[in-house]
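K.L.:
Following this line is data-v2.tsv, made up of TSV, C-alpha atoms:
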chain	number	residue	atom	x	y	z
U	554	GLU	CA	55.26	-32.07	-87.62
U	555	ALA	CA	51.84	-30.67	-88.45
U	556	GLY	CA	51.53	-28.64	-91.61
U	557	VAL	CA	49.48	-25.52	-92.18
U	558	THR	CA	45.88	-26.19	-91.25
U	559	GLN	CA	42.83	-24.24	-92.31
U	560	PHE	CA	39.26	-24.26	-91.13
U	561	PRO	CA	36.62	-24.64	-92.42
U	562	SER	CA	37.47	-26.60	-95.55
U	563	HIS	CA	34.24	-25.44	-97.16
U	564	SER	CA	31.76	-22.76	-96.22
U	565	VAL	CA	28.49	-21.94	-97.98
U	566	ILE	CA	26.85	-18.67	-96.98
U	567	GLU	CA	24.35	-16.23	-98.37
U	568	LYS	CA	25.21	-12.81	-99.65
U	569	GLY	CA	25.36	-10.34	-96.78
U	570	GLN	CA	26.39	-12.89	-94.17
U	571	THR	CA	29.69	-13.04	-92.35
U	572	VAL	CA	32.32	-15.74	-92.52
U	573	THR	CA	35.52	-16.17	-90.57
U	574	LEU	CA	38.31	-18.37	-91.88
U	575	ARG	CA	41.06	-19.63	-89.64
U	576	CYS	CA	44.65	-20.58	-90.35
U	577	ASP	CA	47.14	-22.29	-88.08
U	578	PRO	CA	50.64	-21.95	-89.53
U	579	ILE	CA	53.54	-24.28	-88.95
U	580	SER	CA	54.88	-23.71	-85.46
U	581	GLY	CA	57.77	-21.27	-85.46
U	582	HIS	CA	56.92	-19.71	-88.80
U	583	ASP	CA	56.80	-15.95	-88.29
U	584	ASN	CA	55.62	-15.25	-91.84
U	585	LEU	CA	51.98	-15.91	-92.58
U	586	TYR	CA	50.27	-15.13	-95.87
U	587	TRP	CA	46.72	-15.19	-97.16
U	588	TYR	CA	46.04	-15.84	-100.83
U	589	ARG	CA	42.86	-16.31	-102.84
U	590	ARG	CA	42.07	-18.20	-106.02
U	591	VAL	CA	38.87	-17.15	-107.71
U	592	MET	CA	37.15	-19.26	-110.38
U	593	GLY	CA	40.22	-21.11	-111.63
U	594	LYS	CA	42.25	-17.96	-112.08
U	595	GLU	CA	45.64	-17.18	-110.63
U	596	ILE	CA	46.39	-17.41	-106.94
U	597	LYS	CA	46.36	-13.81	-105.73
U	598	PHE	CA	48.20	-12.38	-102.75
U	599	LEU	CA	46.02	-10.77	-100.09
U	600	LEU	CA	48.29	-9.94	-97.18
U	601	HIS	CA	51.36	-10.82	-95.18
U	602	PHE	CA	51.93	-10.99	-91.43
U	603	VAL	CA	55.25	-11.12	-89.67
U	604	LYS	CA	54.36	-12.41	-86.25
U	605	GLU	CA	51.34	-10.30	-85.23
U	606	SER	CA	52.16	-7.33	-87.47
U	607	LYS	CA	50.66	-6.71	-90.88
U	608	GLN	CA	53.60	-6.17	-93.18
U	609	ASP	CA	51.69	-5.76	-96.39
U	610	GLU	CA	47.95	-5.79	-96.99
U	611	SER	CA	48.09	-4.30	-100.47
U	612	GLY	CA	46.25	-7.28	-101.93
U	613	MET	CA	43.15	-6.99	-99.75
U	614	PRO	CA	40.22	-6.31	-102.10
U	615	ASN	CA	38.32	-3.85	-99.92
U	616	ASN	CA	37.34	-3.02	-96.35
U	617	ARG	CA	34.91	-5.94	-96.15
U	618	PHE	CA	37.97	-8.10	-95.50
U	619	LEU	CA	39.67	-8.05	-92.11
U	620	ALA	CA	42.63	-10.19	-91.15
U	621	GLU	CA	44.08	-10.60	-87.70
U	622	ARG	CA	46.88	-12.53	-86.10
U	623	THR	CA	46.63	-11.83	-82.42
U	624	GLY	CA	49.59	-13.19	-80.49
U	625	GLY	CA	51.44	-14.02	-83.65
U	626	THR	CA	50.16	-17.57	-83.87
U	627	TYR	CA	46.98	-18.42	-85.75
U	628	SER	CA	45.30	-15.97	-88.07
U	629	THR	CA	41.71	-15.25	-89.01
U	630	LEU	CA	40.28	-13.71	-92.14
U	631	LYS	CA	36.79	-12.29	-91.82
U	632	VAL	CA	34.58	-11.32	-94.71
U	633	GLN	CA	31.71	-9.05	-93.71
U	634	PRO	CA	29.35	-8.69	-95.46
U	635	ALA	CA	30.10	-11.35	-98.04
U	636	GLU	CA	29.38	-10.66	-101.72
U	637	LEU	CA	29.00	-13.08	-104.62
U	638	GLU	CA	32.42	-12.18	-106.04
U	639	ASP	CA	34.08	-13.27	-102.81
U	640	SER	CA	33.54	-16.90	-103.74
U	641	GLY	CA	36.78	-18.79	-104.22
U	642	VAL	CA	39.42	-20.77	-102.40
U	643	TYR	CA	41.30	-18.93	-99.68
U	644	PHE	CA	44.77	-20.29	-99.04
U	645	CYS	CA	46.94	-19.63	-96.06
U	646	ALA	CA	50.68	-20.20	-96.23
U	647	SER	CA	53.56	-19.83	-93.84
U	648	SER	CA	57.32	-19.65	-94.09
U	649	GLN	CA	60.32	-19.18	-91.87
U	650	ALA	CA	61.93	-16.58	-94.14
U	651	ARG	CA	60.22	-14.02	-96.33
U	652	HIS	CA	61.70	-15.47	-99.50
U	653	GLY	CA	61.82	-19.00	-98.26
U	654	GLU	CA	59.68	-21.97	-99.15
U	655	LEU	CA	55.98	-21.32	-98.67
U	656	PHE	CA	53.99	-24.10	-97.06
U	657	PHE	CA	50.35	-23.93	-98.04
U	658	GLY	CA	47.26	-25.12	-96.25
U	659	GLU	CA	44.64	-27.08	-98.13
U	660	GLY	CA	42.52	-24.00	-98.52
U	661	SER	CA	39.07	-22.90	-97.40
U	662	ARG	CA	36.54	-22.95	-100.19
U	663	LEU	CA	34.00	-20.13	-99.81
U	664	THR	CA	30.76	-20.19	-101.73
U	665	VAL	CA	28.55	-17.12	-101.51
U	666	LEU	CA	25.02	-17.62	-102.80
Z	786	GLY	CA	53.59	-4.10	-109.58
Z	787	GLU	CA	54.73	-7.49	-110.80
Z	788	ASN	CA	52.82	-9.29	-113.54
Z	789	VAL	CA	53.42	-12.96	-114.34
Z	790	GLU	CA	52.18	-14.57	-117.54
Z	791	GLN	CA	52.11	-18.37	-117.84
Z	792	HIS	CA	51.70	-20.57	-120.93
Z	793	PRO	CA	50.15	-22.84	-121.92
Z	794	SER	CA	47.01	-23.03	-119.81
Z	795	THR	CA	46.64	-26.71	-120.66
Z	796	LEU	CA	49.33	-29.13	-121.78
Z	797	SER	CA	48.76	-32.74	-122.74
Z	798	VAL	CA	51.77	-35.02	-123.30
Z	799	GLN	CA	52.32	-38.74	-123.73
Z	800	GLU	CA	53.74	-40.58	-120.77
Z	801	GLY	CA	57.50	-40.63	-121.09
Z	802	ASP	CA	57.69	-37.45	-123.14
Z	803	SER	CA	58.92	-34.09	-121.86
Z	804	ALA	CA	56.79	-31.15	-120.78
Z	805	VAL	CA	57.78	-27.48	-120.79
Z	806	ILE	CA	55.87	-24.67	-119.13
Z	807	LYS	CA	56.91	-21.06	-119.69
Z	808	CYS	CA	56.47	-17.90	-117.65
Z	809	THR	CA	57.38	-14.29	-118.14
Z	810	TYR	CA	57.56	-11.58	-115.51
Z	811	SER	CA	57.55	-7.80	-115.70
Z	812	ASP	CA	59.50	-6.54	-112.68
Z	813	SER	CA	63.24	-6.65	-113.32
Z	814	ALA	CA	63.79	-6.43	-109.55
Z	815	SER	CA	62.19	-9.84	-108.99
Z	816	ASN	CA	64.77	-12.24	-107.67
Z	817	TYR	CA	63.00	-15.42	-106.55
Z	818	PHE	CA	61.04	-17.75	-108.82
Z	819	PRO	CA	59.35	-20.80	-107.32
Z	820	TRP	CA	57.20	-23.41	-109.03
Z	821	TYR	CA	54.26	-25.01	-107.23
Z	822	LYS	CA	52.39	-28.18	-108.07
Z	823	GLN	CA	48.76	-28.61	-107.05
Z	824	GLU	CA	47.19	-32.02	-107.41
Z	825	LEU	CA	43.42	-32.21	-107.57
Z	826	GLY	CA	41.89	-31.27	-104.22
Z	827	LYS	CA	45.25	-30.89	-102.52
Z	828	ARG	CA	47.40	-28.00	-101.40
Z	829	PRO	CA	49.98	-26.31	-103.65
Z	830	GLN	CA	53.45	-27.66	-102.94
Z	831	LEU	CA	56.83	-26.26	-103.88
Z	832	ILE	CA	58.62	-28.50	-106.37
Z	833	ILE	CA	61.58	-26.36	-107.36
Z	834	ASP	CA	62.74	-22.75	-107.15
Z	835	ILE	CA	65.47	-20.59	-108.58
Z	836	ARG	CA	67.04	-17.32	-107.57
Z	837	SER	CA	68.20	-14.59	-109.89
Z	838	ASN	CA	71.89	-15.31	-109.43
Z	839	VAL	CA	71.48	-18.74	-111.04
Z	840	GLY	CA	70.58	-19.59	-114.64
Z	841	GLU	CA	69.51	-23.19	-114.22
Z	842	LYS	CA	68.65	-25.63	-111.48
Z	843	LYS	CA	67.88	-29.33	-111.72
Z	844	ASP	CA	66.33	-31.86	-109.37
Z	845	GLN	CA	66.01	-35.34	-110.84
Z	846	ARG	CA	63.40	-35.13	-113.63
Z	847	ILE	CA	62.60	-31.48	-112.99
Z	848	ALA	CA	64.62	-28.46	-114.09
Z	849	VAL	CA	64.04	-24.73	-114.14
Z	850	THR	CA	65.82	-22.21	-116.34
Z	851	LEU	CA	65.92	-18.45	-115.88
Z	852	ASN	CA	66.73	-15.77	-118.43
Z	853	LYS	CA	66.97	-12.48	-116.56
Z	854	THR	CA	67.58	-10.42	-119.67
Z	855	ALA	CA	64.42	-11.65	-121.34
Z	856	LYS	CA	62.58	-11.89	-118.01
Z	857	HIS	CA	61.34	-15.39	-118.51
Z	858	PHE	CA	61.72	-18.71	-116.74
Z	859	SER	CA	60.64	-22.21	-117.63
Z	860	LEU	CA	59.87	-25.52	-115.98
Z	861	HIS	CA	61.04	-28.68	-117.70
Z	862	ILE	CA	59.80	-32.13	-116.74
Z	863	THR	CA	61.45	-35.08	-118.45
Z	864	GLU	CA	60.24	-38.69	-118.67
Z	865	THR	CA	56.78	-37.68	-117.55
Z	866	GLN	CA	54.78	-40.09	-115.41
Z	867	PRO	CA	51.05	-40.27	-114.55
Z	868	GLU	CA	51.71	-38.76	-111.12
Z	869	ASP	CA	52.99	-35.62	-112.81
Z	870	SER	CA	49.40	-34.79	-113.79
Z	871	ALA	CA	48.47	-31.65	-111.84
Z	872	VAL	CA	48.18	-27.87	-112.09
Z	873	TYR	CA	51.54	-26.12	-112.05
Z	874	PHE	CA	51.95	-22.51	-110.98
Z	875	CYS	CA	54.95	-20.31	-111.55
Z	876	ALA	CA	55.53	-17.32	-109.31
Z	877	ALA	CA	57.85	-14.39	-108.79
Z	878	ILE	CA	58.71	-11.99	-106.03
Z	879	GLY	CA	60.92	-8.94	-105.83
Z	880	GLY	CA	63.60	-7.83	-103.44
Z	881	PRO	CA	63.10	-5.63	-100.39
Z	882	GLY	CA	60.98	-2.66	-101.29
Z	883	GLY	CA	60.12	-4.30	-104.59
Z	884	GLY	CA	56.36	-4.21	-104.41
Z	885	ALA	CA	54.02	-6.54	-102.57
Z	886	ASP	CA	55.44	-8.95	-100.04
Z	887	GLY	CA	53.61	-11.87	-101.50
Z	888	LEU	CA	54.33	-14.01	-104.50
Z	889	THR	CA	52.75	-13.04	-107.81
Z	890	PHE	CA	51.48	-16.23	-109.43
Z	891	GLY	CA	50.81	-17.17	-113.00
Z	892	LYS	CA	47.36	-18.49	-113.91
Z	893	GLY	CA	48.48	-22.08	-113.82
Z	894	THR	CA	49.05	-24.85	-116.35
Z	895	HIS	CA	46.96	-28.00	-116.25
Z	896	LEU	CA	49.38	-30.76	-117.20
Z	897	ILE	CA	47.77	-33.96	-118.41
Z	898	ILE	CA	49.88	-37.07	-118.86
Z	899	GLN	CA	48.31	-39.42	-121.39
Z	900	PRO	CA	49.00	-43.14	-120.81
For this file, write the structure as structure tokens.
P.N.:
Amino acid sequence: EAGVTQFPSHSVIEKGQTVTLRCDPISGHDNLYWYRRVMGKEIKFLLHFVKESKQDESGMPNNRFLAERTGGTYSTLKVQPAELEDSGVYFCASSQARHGELFFGEGSRLTVL
Amino acid sequence: GENVEQHPSTLSVQEGDSAVIKCTYSDSASNYFPWYKQELGKRPQLIIDIRSNVGEKKDQRIAVTLNKTAKHFSLHITETQPEDSAVYFCAAIGGPGGGADGLTFGKGTHLIIQP
């Protein structure tokens, strides 16, 4: 069975540009989460989808970040316009139950120059 | 909201010795405490978890203890091996209505196993 996949694995963009990250969760997992790890610090929660609905987006830094999960399958996270402080590794994770085991993707490393 | 503190940030032990990583949490409503291991360049993977109705859980060389009164939990690795070298993250999450839906992670512990 395929795990959580993320694309791209690494993206280098200039400040002010737009980047869209994609996550394909494990098939059948209704819960999808986005997390971010900045500069070796803790992994921080961004938001949580249950199917196509946003359950909690309290961790989203600001309105430059937009996440979608149309159809309840894959999800995208768009950063527009990107700022230097957005650099980090963006992890997607999925689970069957809200408090069940989280399966992480390998992350998308974003570098904003 | 929840706040998780993790210590130490780096831990170096001799192969075969034990390693202990400690975490504290702030939200007394938190009821699920997983530990994730992230090897260099790879994804974080769950290695063990514990729920608030249990004080200790063991899986081969790995054990986790939870003290709800003191609001701290610890990861114990015995007979450490080179493949245990990685960054370990503790995390906590509350019950329904208990803050953010996502896990609150500690800052991670870089465990180094010296041959």
K.L.:
In Å, with one decimal, what is the gap from atom CA of Z:Lys842 to atom CA of U:Phe598?
P.N.:
25.9 Å
K.L.:
Of the candidates U:Arg662, U:Val642, U:Thr573, U:Gly653, which shows the shortest atom-to-atom distance to U:Lys594, using all atoms listed in the file?
P.N.:
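Nearest candidate to U:Lys594 out of U:Arg662, U:Val642, U:Thr573, U:Gly653: U:Val642.
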K.L.:
Sort by chain and increasing residue number a table of all residues of chain U within 12 Å of chain Z, each with its closest pair of atoms and their distance in Å to one decimal, counting all atoms listed in the file, and write it as JSON lines.
P.N.:
{"residue": "U:Gly556", "atom": "CA", "partner": "Z:Arg828", "partner_atom": "CA", "distance": 10.6}
{"residue": "U:Val557", "atom": "CA", "partner": "Z:Arg828", "partner_atom": "CA", "distance": 9.8}
{"residue": "U:Thr558", "atom": "CA", "partner": "Z:Arg828", "partner_atom": "CA", "distance": 10.4}
{"residue": "U:Gln559", "atom": "CA", "partner": "Z:Arg828", "partner_atom": "CA", "distance": 10.8}
{"residue": "U:Ser562", "atom": "CA", "partner": "Z:Gly826", "partner_atom": "CA", "distance": 10.8}
{"residue": "U:His563", "atom": "CA", "partner": "Z:Gly826", "partner_atom": "CA", "distance": 11.9}
{"residue": "U:Asn584", "atom": "CA", "partner": "Z:Asp886", "partner_atom": "CA", "distance": 10.3}
{"residue": "U:Leu585", "atom": "CA", "partner": "Z:Gly887", "partner_atom": "CA", "distance": 9.9}
{"residue": "U:Tyr586", "atom": "CA", "partner": "Z:Gly887", "partner_atom": "CA", "distance": 7.3}
{"residue": "U:Trp587", "atom": "CA", "partner": "Z:Gly887", "partner_atom": "CA", "distance": 8.8}
{"residue": "U:Tyr588", "atom": "CA", "partner": "Z:Gly887", "partner_atom": "CA", "distance": 8.6}
{"residue": "U:Arg589", "atom": "CA", "partner": "Z:Phe890", "partner_atom": "CA", "distance": 10.9}
{"residue": "U:Arg590", "atom": "CA", "partner": "Z:Lys892", "partner_atom": "CA", "distance": 9.5}
{"residue": "U:Val591", "atom": "CA", "partner": "Z:Lys892", "partner_atom": "CA", "distance": 10.6}
{"residue": "U:Met592", "atom": "CA", "partner": "Z:Lys892", "partner_atom": "CA", "distance": 10.8}
{"residue": "U:Gly593", "atom": "CA", "partner": "Z:Lys892", "partner_atom": "CA", "distance": 7.9}
{"residue": "U:Lys594", "atom": "CA", "partner": "Z:Lys892", "partner_atom": "CA", "distance": 5.5}
{"residue": "U:Glu595", "atom": "CA", "partner": "Z:Lys892", "partner_atom": "CA", "distance": 3.9}
{"residue": "U:Ile596", "atom": "CA", "partner": "Z:Phe890", "partner_atom": "CA", "distance": 5.8}
{"residue": "U:Lys597", "atom": "CA", "partner": "Z:Thr889", "partner_atom": "CA", "distance": 6.8}
{"residue": "U:Phe598", "atom": "CA", "partner": "Z:Gly887", "partner_atom": "CA", "distance": 5.6}
{"residue": "U:Leu599", "atom": "CA", "partner": "Z:Gly887", "partner_atom": "CA", "distance": 7.8}
{"residue": "U:Leu600", "atom": "CA", "partner": "Z:Gly887", "partner_atom": "CA", "distance": 7.1}
{"residue": "U:His601", "atom": "CA", "partner": "Z:Asp886", "partner_atom": "CA", "distance": 6.6}
{"residue": "U:Phe602", "atom": "CA", "partner": "Z:Asp886", "partner_atom": "CA", "distance": 9.5}
{"residue": "U:Val603", "atom": "CA", "partner": "Z:Asp886", "partner_atom": "CA", "distance": 10.6}
{"residue": "U:Lys607", "atom": "CA", "partner": "Z:Asp886", "partner_atom": "CA", "distance": 10.6}
{"residue": "U:Gln608", "atom": "CA", "partner": "Z:Asp886", "partner_atom": "CA", "distance": 7.6}
{"residue": "U:Asp609", "atom": "CA", "partner": "Z:Asp886", "partner_atom": "CA", "distance": 6.1}
{"residue": "U:Glu610", "atom": "CA", "partner": "Z:Ala885", "partner_atom": "CA", "distance": 8.3}
{"residue": "U:Ser611", "atom": "CA", "partner": "Z:Ala885", "partner_atom": "CA", "distance": 6.7}
{"residue": "U:Gly612", "atom": "CA", "partner": "Z:Ala885", "partner_atom": "CA", "distance": 7.8}
{"residue": "U:Met613", "atom": "CA", "partner": "Z:Ala885", "partner_atom": "CA", "distance": 11.2}
{"residue": "U:Val642", "atom": "CA", "partner": "Z:Arg828", "partner_atom": "CA", "distance": 10.8}
{"residue": "U:Tyr643", "atom": "CA", "partner": "Z:Arg828", "partner_atom": "CA", "distance": 11.1}
{"residue": "U:Phe644", "atom": "CA", "partner": "Z:Arg828", "partner_atom": "CA", "distance": 8.5}
{"residue": "U:Cys645", "atom": "CA", "partner": "Z:Arg828", "partner_atom": "CA", "distance": 9.9}
{"residue": "U:Ala646", "atom": "CA", "partner": "Z:Pro829", "partner_atom": "CA", "distance": 9.6}
{"residue": "U:Ser647", "atom": "CA", "partner": "Z:Gly887", "partner_atom": "CA", "distance": 11.0}
{"residue": "U:Ser648", "atom": "CA", "partner": "Z:Gly887", "partner_atom": "CA", "distance": 11.4}
{"residue": "U:Ala650", "atom": "CA", "partner": "Z:Asp886", "partner_atom": "CA", "distance": 11.6}
{"residue": "U:Arg651", "atom": "CA", "partner": "Z:Asp886", "partner_atom": "CA", "distance": 7.9}
{"residue": "U:His652", "atom": "CA", "partner": "Z:Tyr817", "partner_atom": "CA", "distance": 7.2}
{"residue": "U:Gly653", "atom": "CA", "partner": "Z:Tyr817", "partner_atom": "CA", "distance": 9.1}
{"residue": "U:Glu654", "atom": "CA", "partner": "Z:Leu831", "partner_atom": "CA", "distance": 7.0}
{"residue": "U:Leu655", "atom": "CA", "partner": "Z:Leu831", "partner_atom": "CA", "distance": 7.2}
{"residue": "U:Phe656", "atom": "CA", "partner": "Z:Gln830", "partner_atom": "CA", "distance": 6.9}
{"residue": "U:Phe657", "atom": "CA", "partner": "Z:Arg828", "partner_atom": "CA", "distance": 6.0}
{"residue": "U:Gly658", "atom": "CA", "partner": "Z:Arg828", "partner_atom": "CA", "distance": 5.9}
{"residue": "U:Glu659", "atom": "CA", "partner": "Z:Arg828", "partner_atom": "CA", "distance": 4.4}
{"residue": "U:Gly660", "atom": "CA", "partner": "Z:Arg828", "partner_atom": "CA", "distance": 6.9}
{"residue": "U:Ser661", "atom": "CA", "partner": "Z:Arg828", "partner_atom": "CA", "distance": 10.6}
{"residue": "U:Arg662", "atom": "CA", "partner": "Z:Gly826", "partner_atom": "CA", "distance": 10.7}
K.L.:
Keeping only C-alpha atoms, write those residues as a short mmCIF file (atom, residue, chain, number, x, y, z; two decimals), in the coordinates of the input.
P.N.:
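What follows is the written file part35.cif:
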data_model
loop_
_atom_site.label_atom_id
_atom_site.label_comp_id
_atom_site.auth_asym_id
_atom_site.auth_seq_id
_atom_site.Cartn_x
_atom_site.Cartn_y
_atom_site.Cartn_z
CA GLY U 556 51.53 -28.64 -91.61
CA VAL U 557 49.48 -25.52 -92.18
CA THR U 558 45.88 -26.19 -91.25
CA GLN U 559 42.83 -24.24 -92.31
CA SER U 562 37.47 -26.60 -95.55
CA HIS U 563 34.24 -25.44 -97.16
CA ASN U 584 55.62 -15.25 -91.84
CA LEU U 585 51.98 -15.91 -92.58
CA TYR U 586 50.27 -15.13 -95.87
CA TRP U 587 46.72 -15.19 -97.16
CA TYR U 588 46.04 -15.84 -100.83
CA ARG U 589 42.86 -16.31 -102.84
CA ARG U 590 42.07 -18.20 -106.02
CA VAL U 591 38.87 -17.15 -107.71
CA MET U 592 37.15 -19.26 -110.38
CA GLY U 593 40.22 -21.11 -111.63
CA LYS U 594 42.25 -17.96 -112.08
CA GLU U 595 45.64 -17.18 -110.63
CA ILE U 596 46.39 -17.41 -106.94
CA LYS U 597 46.36 -13.81 -105.73
CA PHE U 598 48.20 -12.38 -102.75
CA LEU U 599 46.02 -10.77 -100.09
CA LEU U 600 48.29 -9.94 -97.18
CA HIS U 601 51.36 -10.82 -95.18
CA PHE U 602 51.93 -10.99 -91.43
CA VAL U 603 55.25 -11.12 -89.67
CA LYS U 607 50.66 -6.71 -90.88
CA GLN U 608 53.60 -6.17 -93.18
CA ASP U 609 51.69 -5.76 -96.39
CA GLU U 610 47.95 -5.79 -96.99
CA SER U 611 48.09 -4.30 -100.47
CA GLY U 612 46.25 -7.28 -101.93
CA MET U 613 43.15 -6.99 -99.75
CA VAL U 642 39.42 -20.77 -102.40
CA TYR U 643 41.30 -18.93 -99.68
CA PHE U 644 44.77 -20.29 -99.04
CA CYS U 645 46.94 -19.63 -96.06
CA ALA U 646 50.68 -20.20 -96.23
CA SER U 647 53.56 -19.83 -93.84
CA SER U 648 57.32 -19.65 -94.09
CA ALA U 650 61.93 -16.58 -94.14
CA ARG U 651 60.22 -14.02 -96.33
CA HIS U 652 61.70 -15.47 -99.50
CA GLY U 653 61.82 -19.00 -98.26
CA GLU U 654 59.68 -21.97 -99.15
CA LEU U 655 55.98 -21.32 -98.67
CA PHE U 656 53.99 -24.10 -97.06
CA PHE U 657 50.35 -23.93 -98.04
CA GLY U 658 47.26 -25.12 -96.25
CA GLU U 659 44.64 -27.08 -98.13
CA GLY U 660 42.52 -24.00 -98.52
CA SER U 661 39.07 -22.90 -97.40
CA ARG U 662 36.54 -22.95 -100.19
#
K.L.:
Take atom CA of U:Thr629 and atom CA of U:Val572 and report the distance between them in Å, one decimal.
P.N.:
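Pair atom CA of U:Thr629 / atom CA of U:Val572 returns 10.0 Å.
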K.L.:
Would you compute the distance between atom CA of U:His582 and atom CA of U:Ser606? Give it in Å to one decimal.
P.N.:
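Interatomic distance, atom CA of U:His582 to atom CA of U:Ser606: 13.3 Å.
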K.L.:
Point out the residue among Z:Asn838, Z:Lys822, Z:Gln799, Z:Ser813 with the least atom-to-atom distance to Z:His895, counting all atoms listed in the file.
P.N.:
Z:Lys822
